[in-house]
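Taking it in order: structure first as structure tokens, then the write-up.
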Amino acid sequence: MTKNALFEIGLEELPARFIDDAESQLKEKTEAWLHDLRISYEQIRSFSTPRRLAVMIKGVAEEQTTIAEEVKGPSLKIAKGEDGNWTKAAIGFSKGQGKTTDDLYIKELNGTSYVFIKKHIEGQTTFDLLPEFHKIIESITFGKNMRWGTQSIRYARPIRWLVGLFGSEIIPFEVAKVTSSNLTFGHRFLGDNITLENPLNYESALLNQYVIVDPLKREEKILKGIHTLEKDKDIQIPVDKHLLDEVRNLVEFPQVFLGSFDQQFLKLPDEVLIISMKEHQRYFPVKSLDGKLLPYFVGIRNGNDYAIDTVIKGNEKVLRARLSDAAFFYEEDQKHSIEYYLAKLERVVFQEKLGTIANKVQRVTALTEQIGKFIHLNTDKMSLAIRAASICKFDLPTNMVNEFTELQGVIGEKYAHLYGENDLVAQAIREHYLPIQANGDLPATEVGAIVSIADKLDTITGCVSVGLMPTGSQDPYGLRRQATGILRIVKTFKWDMQIENLLRIAQDIFKQSNVPLSNHDQSFVHLKEFFSLRAAFLLKEAAVEQDIIQAVLHDGVGIYDYTLAKAQTLSEKRNDDAFKPIQEALVRVLNLAEKAETTSVDPQLFETDSEKALYEQYQFVEESYQDTDRNAEKNLQLIAKLAEPIHLFFDNNMVMTDNERVRNNRLGLLANIANIINRYADLTQIEWKQHF
């Protein structure tokens, strides 16, 4: 026999950003809990709204699964003494299993005799076990927690009611002095209290009280309302997925409505209007069929359509006030020059140990110039990049960015155009913040990409050098995201730029600045390790195996896109039967080369033709090998040419001969070959496929 179960956690309104993860945790933890308890079931569904998290379990067995298992104990030699009696080890084993030594029996396993016990664990009644569900509720974690009243529990919001049902029976448990019952609550303003008698009626019972507990159905209702407006009004309403996820978690019963604002506000940049609507008011902007922004917005009400006109007027009033402020700030900002705002940056602290934003801009400008030289940027682009770097932060003290912080860079681009700056300079001001997320859009222009790298590199170098290394989930300066951005940009633009060289350039500029950093060598080690970790993260996302990641990053990141190409090439070769003799030869060299004390080689000390042949092939490979061509397949094929002479060398020479001079000479030759191999990757880190 089976029954259906329901658990619901009733709360004060949860922050929208917490809900999806909390619902997912509730479902996953419930599944694991039931599995551990050996309680079988047919299906689990989870639900969530701003005021509740719930899980319904269909077809729950009324008893645990009864199990019979065989438990292995100590070996017979340990379990029985010379006198033939059971030892303390055997007695302790049997007691630990709830049995006596009379229940022990002997069985051979892989040629060794062990003692065993058979256990029969009778399943308990499910209803007696379900009250432990309070542990699942207490184990859910949130981004931020709070305490309330005299409670010791920390939770995102106070718990107001609990539902626990097994069939029609109430499951008794308590959390934060709230006792479970079969009573739940409908919409805060439109609904009534509901007494639940059957878990299967949960969704329909709440729907009757203006609560849609399935978040996907709320989303579906929102999208249906949006599409209806589009059809009726001949408009298009771009649906931002992030905003859609948020608004569906802000309401329990969504009602879509269309509002408007004064057309005069359309003279503001589109980005200002969109940010005001989306980020501040959670509205969807409205566009014409040809893509022009219209003086309308779409909002989502938590309720039905009662007095919807009044609701629309209220929302229009709020938006009008915000857009009026934006229009005022926009006009006021244009009364001052770029130089006026740059002067203000001298009084804005970037970080207490790293100086002001103005100090940072000076370093970013110097870095931009050095990077431009490094990649052989032409004179015209160099001057544009330096100009963009020198004014890249000028919009930070403006009224608009102060009010709409999300528009940093965007407003800079708009104002730069108004002040007559070159188009590429203006675009670079916006692009230097990209990517905003780890996998976000990258700068489209070379000028923007250079300034972006310079800005991020300055932040990372400075922060790591003064001990602000990210820890765990704490990364207040976004260093991980910025390092990932640098690697992605360098790869996209295919610059012959070793990350370690960039780090040295950044450190040198700090040496020349007004905020020089100490312990450069130690800081460089930390920076190198930090970038290697970010490169490892990206390589893992590219489906590269962990051992190969370690092999190609053993000495740093180098030229990132070349490092990625080497990793992908080695991934293919690890399972290639034809590569096995090459791998064996190269790995053998790497292992023996560790014994070398010098890399000097004297051809006069060669005793065999195989030594000479290997040396000549090494010279050819050394002259031909070029990291900068970034052709991973070609360079590995070149190194592979050493394999045959290496095998002949080992077949015809004893490396560790008693003659010290000859031994050191041979080890020196192997060390030189190892240096070439290691420039490609440390092949000893790879778990090569076994061939039988």
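By order of appearance in the structure tokens: chains A, B, ..., then residues from 1 within every chain, and ligands from 1 in the order shown.
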Requested in this report: Quick one: everything within 10 Å of region 555-565 of chain A, counting only C-alpha atoms, minus sequence neighbours fewer than 6 positions away in the same chain. Send it as number ranges by chain.
Outcome: A: 486-501, 525, 528-536, 538-539, 542, 544, 549, 571, 627-633, 678-682
Resulting file, chosen residues, N, CA and C atoms, as a compact mmCIF listing (two decimals), in the first residue's frame:
# COMPACT_ATOMS: atom_id res chain seq x y z
N ILE A 486 40.26 38.34 -18.82
CA ILE A 486 41.56 38.56 -19.47
C ILE A 486 41.93 37.37 -20.34
N LEU A 487 41.79 36.17 -19.79
CA LEU A 487 42.14 34.96 -20.56
C LEU A 487 41.26 34.82 -21.80
N ARG A 488 39.98 35.08 -21.66
CA ARG A 488 39.07 34.97 -22.80
C ARG A 488 39.38 36.01 -23.87
N ILE A 489 39.71 37.23 -23.45
CA ILE A 489 40.02 38.29 -24.41
C ILE A 489 41.30 37.96 -25.18
N VAL A 490 42.35 37.57 -24.45
CA VAL A 490 43.63 37.23 -25.09
C VAL A 490 43.42 36.10 -26.09
N LYS A 491 42.62 35.12 -25.72
CA LYS A 491 42.35 33.99 -26.62
C LYS A 491 41.59 34.45 -27.86
N THR A 492 40.56 35.29 -27.66
CA THR A 492 39.71 35.73 -28.76
C THR A 492 40.49 36.55 -29.79
N PHE A 493 41.36 37.43 -29.29
CA PHE A 493 42.11 38.29 -30.21
C PHE A 493 43.41 37.65 -30.69
N LYS A 494 43.70 36.43 -30.18
CA LYS A 494 44.85 35.64 -30.63
C LYS A 494 46.16 36.43 -30.56
N TRP A 495 46.36 37.09 -29.45
CA TRP A 495 47.61 37.83 -29.25
C TRP A 495 48.70 36.91 -28.73
N ASP A 496 49.92 37.06 -29.26
CA ASP A 496 51.08 36.30 -28.76
C ASP A 496 51.53 36.94 -27.44
N MET A 497 50.78 36.68 -26.41
CA MET A 497 50.97 37.39 -25.16
C MET A 497 50.96 36.39 -24.00
N GLN A 498 52.11 36.15 -23.41
CA GLN A 498 52.16 35.27 -22.25
C GLN A 498 51.60 36.00 -21.04
N ILE A 499 50.74 35.33 -20.33
CA ILE A 499 50.11 35.94 -19.15
C ILE A 499 51.16 36.38 -18.14
N GLU A 500 52.20 35.57 -17.98
CA GLU A 500 53.25 35.91 -17.01
C GLU A 500 53.96 37.21 -17.38
N ASN A 501 54.12 37.48 -18.69
CA ASN A 501 54.72 38.74 -19.12
C ASN A 501 53.81 39.92 -18.77
N VAL A 525 54.44 35.13 -7.53
CA VAL A 525 54.10 33.71 -7.36
C VAL A 525 52.60 33.56 -7.13
N LYS A 528 50.70 34.35 -10.38
CA LYS A 528 50.86 33.26 -11.34
C LYS A 528 49.96 32.09 -10.98
N GLU A 529 49.92 31.74 -9.69
CA GLU A 529 49.06 30.65 -9.22
C GLU A 529 47.59 31.00 -9.43
N PHE A 530 47.24 32.26 -9.18
CA PHE A 530 45.85 32.69 -9.32
C PHE A 530 45.38 32.55 -10.77
N PHE A 531 46.20 32.98 -11.72
CA PHE A 531 45.82 32.87 -13.13
C PHE A 531 45.82 31.42 -13.59
N SER A 532 46.71 30.61 -13.03
CA SER A 532 46.71 29.18 -13.38
C SER A 532 45.41 28.52 -12.95
N LEU A 533 44.89 28.91 -11.78
CA LEU A 533 43.62 28.36 -11.30
C LEU A 533 42.47 28.77 -12.20
N ARG A 534 42.49 30.02 -12.67
CA ARG A 534 41.41 30.45 -13.56
C ARG A 534 41.52 29.76 -14.92
N ALA A 535 42.75 29.58 -15.40
CA ALA A 535 42.94 28.87 -16.66
C ALA A 535 42.47 27.42 -16.52
N ALA A 536 42.77 26.80 -15.37
CA ALA A 536 42.32 25.42 -15.13
C ALA A 536 40.80 25.34 -15.15
N LEU A 538 38.74 27.29 -16.86
CA LEU A 538 38.29 27.41 -18.25
C LEU A 538 38.58 26.13 -19.04
N LEU A 539 39.73 25.52 -18.78
CA LEU A 539 40.07 24.28 -19.48
C LEU A 539 39.10 23.16 -19.09
N ALA A 542 36.07 23.46 -20.93
CA ALA A 542 36.27 23.02 -22.32
C ALA A 542 36.41 21.51 -22.41
N VAL A 544 38.47 19.43 -20.84
CA VAL A 544 39.82 18.88 -20.75
C VAL A 544 39.95 18.13 -19.42
N ILE A 549 45.20 19.03 -17.73
CA ILE A 549 45.24 20.43 -17.27
C ILE A 549 46.50 20.66 -16.46
N SER A 571 44.77 15.43 -25.23
CA SER A 571 43.57 14.64 -24.94
C SER A 571 43.32 13.62 -26.04
N ASP A 627 57.27 28.17 -29.93
CA ASP A 627 56.02 28.31 -29.17
C ASP A 627 55.10 29.34 -29.82
N THR A 628 55.70 30.37 -30.40
CA THR A 628 54.90 31.51 -30.83
C THR A 628 54.03 31.21 -32.04
N ASP A 629 54.29 30.11 -32.77
CA ASP A 629 53.41 29.83 -33.90
C ASP A 629 52.10 29.20 -33.44
N ARG A 630 52.05 28.78 -32.18
CA ARG A 630 50.83 28.29 -31.53
C ARG A 630 50.18 27.14 -32.30
N ASN A 631 51.00 26.36 -32.98
CA ASN A 631 50.50 25.18 -33.69
C ASN A 631 50.80 23.97 -32.83
N ALA A 632 49.83 23.59 -31.99
CA ALA A 632 50.05 22.54 -31.00
C ALA A 632 50.33 21.19 -31.66
N GLU A 633 49.61 20.87 -32.71
CA GLU A 633 49.79 19.58 -33.38
C GLU A 633 51.17 19.51 -34.03
N ASN A 678 59.14 19.87 -21.70
CA ASN A 678 58.43 20.61 -20.65
C ASN A 678 57.89 21.95 -21.13
N ARG A 679 58.53 22.53 -22.16
CA ARG A 679 57.97 23.75 -22.72
C ARG A 679 56.61 23.48 -23.34
N TYR A 680 56.42 22.25 -23.77
CA TYR A 680 55.12 21.85 -24.32
C TYR A 680 54.18 21.43 -23.19
N ALA A 681 54.61 20.49 -22.38
CA ALA A 681 53.80 20.02 -21.24
C ALA A 681 54.63 19.05 -20.42
N ASP A 682 54.25 18.91 -19.16
CA ASP A 682 54.88 17.91 -18.30
C ASP A 682 54.12 16.60 -18.49
Query raised in the report: Can you tell me, as number ranges by chain, what residues are no more than 10 Å from Ala343 (chain A) when counting only C-alpha atoms, ignoring any on the same chain fewer than 5 positions away?
Result: A: 338, 348, 358, 394, 397
Query - Of the listed residues A:Lys360, A:Lys217, A:Lys381, A:Lys414, that which approaches Leu457 (chain A) most closely, counting only C-alpha atoms - result: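 Of the candidates, the smallest distance to Leu457 (chain A) is held by A:Lys360.
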Query - region 604-685 of chain A: residues DSSP assigns to helix (DSSP H, G or I), reported as number ranges by chain - result: A: 604-605, 609-624, 627-629, 632-640, 643-652, 660-680, 683-685
Requested in this report: Would you kindly return, as a PyMOL selection string, each protein, DNA or RNA residue with an atom no farther than 8 Å from any atom of Ile300 (chain A), considering only C-alpha atoms and excluding same-chain residues fewer than 4 positions away?
Outcome: chain A and resi 222+247+254-257+283
Requested in this report: Could you please write out, as a ChimeraX atom specification, every residue of region 113-170 of chain A that DSSP assigns to strand (DSSP E)?
Outcome: /A:113-121,159-166,169-170
Query raised in the report: Can you tell me how far CA of Gly299 (chain A) sits from CA of Gln209 (chain A), in Å to one decimal?
Result: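 Separating CA of Gly299 (chain A) from CA of Gln209 (chain A) is a distance of 22.0 Å.
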Query raised in the report: What lies within 6 Å of region 50-61 of chain A using only C-alpha atoms, ignoring chain neighbours under 5 positions off, as a count of residues only?
Result: 21
Considering only C-alpha atoms, return as a CSV table (one decimal) with N, CA, C and O atoms, in the first residue's frame whatever protein or nucleic-acid residues lie within 12 Å of Pro603 (chain A), sequence-local ones (same chain, fewer than 6 positions apart) excluded.
chain,number,residue,atom,x,y,z
A,609,ASP,N,77.3,5.9,-31.8
A,609,ASP,CA,76.6,6.6,-32.9
A,609,ASP,C,75.2,7.0,-32.4
A,609,ASP,O,74.7,8.1,-32.9
A,611,GLU,N,74.3,8.1,-29.5
A,611,GLU,CA,74.4,9.4,-28.8
A,611,GLU,C,74.5,10.6,-29.8
A,611,GLU,O,73.8,11.6,-29.6
A,612,LYS,N,75.3,10.4,-30.8
A,612,LYS,CA,75.5,11.5,-31.8
A,612,LYS,C,74.2,11.7,-32.5
A,612,LYS,O,73.8,12.9,-32.7
A,613,ALA,N,73.5,10.6,-32.9
A,613,ALA,CA,72.2,10.8,-33.6
A,613,ALA,C,71.2,11.5,-32.8
A,613,ALA,O,70.5,12.4,-33.3
A,614,LEU,N,71.1,11.2,-31.5
A,614,LEU,CA,70.1,11.8,-30.6
A,614,LEU,C,70.5,13.3,-30.5
A,614,LEU,O,69.6,14.2,-30.5
A,615,TYR,N,71.8,13.6,-30.3
A,615,TYR,CA,72.2,15.0,-30.1
A,615,TYR,C,71.9,15.8,-31.4
A,615,TYR,O,71.4,17.0,-31.3
A,616,GLU,N,72.1,15.2,-32.6
A,616,GLU,CA,71.8,16.0,-33.8
A,616,GLU,C,70.3,16.2,-34.0
A,616,GLU,O,69.9,17.3,-34.4
A,619,GLN,N,69.3,19.0,-31.7
A,619,GLN,CA,69.6,20.3,-32.2
A,619,GLN,C,68.6,20.8,-33.3
A,619,GLN,O,68.2,21.9,-33.3
A,661,ARG,N,82.2,11.5,-16.0
A,661,ARG,CA,82.1,12.5,-17.1
A,661,ARG,C,81.1,12.1,-18.2
A,661,ARG,O,80.3,12.9,-18.6
A,662,VAL,N,81.1,10.9,-18.6
A,662,VAL,CA,80.2,10.4,-19.6
A,662,VAL,C,78.8,10.4,-19.1
A,662,VAL,O,77.8,10.7,-19.8
A,665,ASN,N,77.5,13.8,-18.9
A,665,ASN,CA,77.2,14.3,-20.3
A,665,ASN,C,75.9,13.8,-20.9
A,665,ASN,O,75.2,14.5,-21.5
A,666,ARG,N,75.7,12.5,-20.6
A,666,ARG,CA,74.4,11.9,-21.1
A,666,ARG,C,73.2,12.5,-20.4
A,666,ARG,O,72.2,12.7,-21.0
A,668,GLY,N,73.1,15.4,-19.1
A,668,GLY,CA,72.9,16.8,-19.6
A,668,GLY,C,72.2,16.8,-20.9
A,668,GLY,O,71.3,17.7,-21.1
A,669,LEU,N,72.5,15.9,-21.8
A,669,LEU,CA,71.7,15.8,-23.1
A,669,LEU,C,70.3,15.5,-22.8
A,669,LEU,O,69.4,16.2,-23.4
Query raised in the report: Closest to Leu129 (chain A) among A:Gln64, A:Ser288, A:Thr179, A:Ser204, using only C-alpha atoms?
Result: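 For Leu129 (chain A), the nearest of the given residues is A:Gln64.
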**Report entry** Distance of CA of Ser94 (chain A) from CA of Lys77 (chain A), expressed in Å to one decimal place
**Finding:**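 So the two atoms, CA of Lys77 (chain A) and CA of Ser94 (chain A), lie 16.0 Å apart.
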Query raised in the report: Excluding same-chain residues fewer than 5 positions from Asp270 (chain A), what lies within 12 Å of it counting only C-alpha atoms, as a ChimeraX atom specification?
Result: /A:265,275-278,285-287,291-295,323,326,407,410-411,414
Query raised in the report: In Å, with one decimal, what is the gap from CA of Leu229 (chain A) to CA of His187 (chain A)?
Result: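 For CA of Leu229 (chain A) relative to CA of His187 (chain A), the distance reads 25.4 Å.
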